[in-house]
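Listing of work-v8.csv; format and content: CSV, C-alpha atoms.
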```csv
chain,number,residue,atom,x,y,z
R,1,MET,CA,-20.2,-8.4,-2.7
R,2,THR,CA,-19.7,-8.5,1.0
R,3,LYS,CA,-15.9,-8.2,0.6
R,4,ALA,CA,-16.4,-5.2,-1.7
R,5,ILE,CA,-18.6,-3.4,0.9
R,6,THR,CA,-16.2,-4.2,3.7
R,7,ILE,CA,-13.2,-2.8,1.7
R,8,LEU,CA,-15.3,0.3,0.8
R,9,MET,CA,-16.1,0.9,4.5
R,10,LEU,CA,-12.5,0.5,5.5
R,11,ALA,CA,-11.3,2.9,2.8
R,12,MET,CA,-13.9,5.5,3.9
R,13,ALA,CA,-12.7,5.2,7.5
R,14,LEU,CA,-9.1,5.7,6.5
R,15,GLY,CA,-10.0,8.8,4.7
R,16,ALA,CA,-10.0,10.8,7.9
R,17,CYS,CA,-6.6,9.5,9.1
R,18,SER,CA,-3.2,11.0,8.8
R,19,GLN,CA,-0.5,9.4,6.6
R,20,THR,CA,1.0,7.8,9.7
R,21,GLU,CA,-2.3,6.2,10.8
R,22,LYS,CA,-3.1,5.1,7.2
R,23,GLY,CA,0.4,3.5,6.9
R,24,ALA,CA,0.0,1.7,10.3
R,25,ALA,CA,-3.5,0.4,9.3
R,26,VAL,CA,-2.5,-0.8,5.8
R,27,GLY,CA,0.8,-2.2,7.1
R,28,GLY,CA,-0.8,-4.1,9.9
R,29,LEU,CA,-3.5,-5.6,7.7
R,30,GLY,CA,-0.9,-6.6,5.0
R,31,GLY,CA,1.5,-8.0,7.6
R,32,ALA,CA,-1.2,-10.0,9.2
R,33,ALA,CA,-2.3,-11.5,5.9
R,34,VAL,CA,1.2,-12.4,4.9
R,35,GLY,CA,2.1,-13.7,8.3
R,36,ALA,CA,-1.0,-15.9,8.4
R,37,ALA,CA,-0.2,-17.2,4.9
R,38,VAL,CA,3.4,-18.2,5.4
R,39,ALA,CA,3.7,-19.2,9.0
R,40,SER,CA,3.2,-22.8,10.3
R,41,ASN,CA,0.9,-21.4,12.9
R,42,PRO,CA,-1.5,-19.0,11.1
R,43,VAL,CA,-2.7,-17.2,14.2
R,44,GLN,CA,0.8,-16.6,15.6
R,45,GLY,CA,2.0,-15.5,12.1
R,46,ALA,CA,-0.9,-13.1,11.8
R,47,VAL,CA,-0.2,-11.5,15.2
R,48,VAL,CA,3.6,-11.2,14.5
R,49,GLY,CA,3.1,-10.1,10.9
R,50,GLY,CA,0.4,-7.5,11.9
R,51,ALA,CA,2.6,-6.0,14.6
R,52,VAL,CA,5.6,-5.8,12.4
R,53,GLY,CA,3.6,-4.4,9.5
R,54,ALA,CA,1.9,-1.8,11.6
R,55,VAL,CA,5.2,-0.5,12.9
R,56,ALA,CA,6.7,-0.4,9.5
R,57,GLY,CA,3.7,1.2,7.9
R,58,ALA,CA,3.6,3.9,10.6
R,59,LEU,CA,7.2,4.7,10.0
R,60,ILE,CA,6.8,4.9,6.3
R,61,GLY,CA,3.6,7.0,6.7
R,62,ARG,CA,5.4,9.4,9.1
R,63,ALA,CA,8.3,9.7,6.7
R,64,SER,CA,5.9,10.8,4.0
R,65,GLU,CA,4.8,13.8,6.1
R,66,PRO,CA,8.0,15.8,6.4
R,67,GLY,CA,7.6,19.1,8.3
R,68,ARG,CA,4.2,18.0,9.7
R,69,CYS,CA,3.5,17.7,13.4
R,70,ARG,CA,0.6,16.1,15.3
R,71,TYR,CA,-1.2,18.2,17.8
R,72,ARG,CA,-4.0,17.5,20.4
R,73,ASP,CA,-6.3,20.2,21.6
R,74,SER,CA,-8.0,20.4,25.0
R,75,ASN,CA,-11.0,18.4,23.8
R,76,GLY,CA,-8.7,15.5,22.7
R,77,HIS,CA,-9.1,16.2,19.0
R,78,VAL,CA,-5.9,15.3,17.1
R,79,TYR,CA,-4.9,17.2,14.0
R,80,VAL,CA,-1.8,17.5,11.8
R,81,ASP,CA,-0.3,20.9,10.8
R,82,ARG,CA,3.0,22.4,9.9
R,83,CYS,CA,5.7,22.1,12.5
R,84,PRO,CA,7.1,25.3,14.1
R,85,SER,CA,10.5,26.4,12.8
R,86,GLY,CA,13.4,24.3,13.9
R,87,TYR,CA,11.6,20.9,13.8
```
Before we go any further, please render this structure as structure tokens.
Amino acid sequence: MTKAITILMLAMALGACSQTEKGAAVGGLGGAAVGAAVASNPVQGAVVGGAVGAVAGALIGRASEPGRCRYRDSNGHVYVDRCPSGY
């Protein structure tokens, strides 16, 4: 039951993220899990796997948003919208 609640909370938190951020989060978590499972040193495997997974997930997430750019307003709010022509 605790695992289900944790997964539900993580899923809700990812709902407000862009595809790039979602990809990085999912890739990082997956990479850390795989790295910890297959490495002789689980901690080191989780760190390396998480880093590689986060980068790969971010790149895949970004590729799924063609023609979309990230903007930050004066209050620091980040949002995604269509890119200007030529991007």
task: Just the residues within 10 Å of Val80 of chain R, please, counting all atoms listed in the file, with nothing from its chain fewer than 6 positions along; format it as a PyMOL selection string.
output: chain R and resi 17-19+65+68-72
If you keep C-alpha atoms, can you produce a file of those selected residues as a PDB file, in the frame of the given file?
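Okay, this is what ended up in selection31.pdb:
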```pdb
ATOM      1  CA  CYS R  17      -6.600   9.500   9.100  1.00  0.00           C
ATOM      2  CA  SER R  18      -3.200  11.000   8.800  1.00  0.00           C
ATOM      3  CA  GLN R  19      -0.500   9.400   6.600  1.00  0.00           C
ATOM      4  CA  GLU R  65       4.800  13.800   6.100  1.00  0.00           C
ATOM      5  CA  ARG R  68       4.200  18.000   9.700  1.00  0.00           C
ATOM      6  CA  CYS R  69       3.500  17.700  13.400  1.00  0.00           C
ATOM      7  CA  ARG R  70       0.600  16.100  15.300  1.00  0.00           C
ATOM      8  CA  TYR R  71      -1.200  18.200  17.800  1.00  0.00           C
ATOM      9  CA  ARG R  72      -4.000  17.500  20.400  1.00  0.00           C
TER      10      ARG R  72
END
```
Minimum-distance residue to Val78 of chain R, chosen among R:Gly31, R:Glu21, R:Val55, R:Gly50 (using all atoms listed in the file):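 Result for the nearest residue to Val78 of chain R: R:Glu21.
Here atom CA of Ala51 of chain R stands at a distance of 28.8 Å from atom CA of Arg82 of chain R.
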Selected residue of minimal separation from Ala25 of chain R among R:Gly61, R:Pro84, R:Asn41, R:Ala4, counting all atoms listed in the file: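 Among R:Gly61, R:Pro84, R:Asn41, R:Ala4, it is R:Gly61 that comes nearest to Ala25 of chain R.
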query: Please, what distance in Å, to one decimal, runs between atom CA of Leu29 of chain R and atom CA of Ala54 of chain R?
result: 7.7 Å
query: Which one is closest to Val47 of chain R: R:Ala33, R:His77, R:Lys22, R:Thr2? Count all atoms listed in the file.
result: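 Closest to Val47 of chain R, using all atoms listed in the file: R:Ala33.
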Which of R:Gly76, R:Gly35, R:Gly30, R:Gly23 sits closest to Gly49 of chain R [using all atoms listed in the file]: R:Gly35
- request: Can you work out the spacing between atom CA of Thr20 of chain R and atom CA of Ser64 of chain R in Å, to one decimal?
  value: 8.1 Å
message: I need the residue nearest Val52 of chain R from this list: R:Ala24, R:Pro66, R:Asn75, R:Ala37. Use only C-alpha atoms for the distance.
response: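 The shortest atom-to-atom distance to Val52 of chain R comes from R:Ala24.
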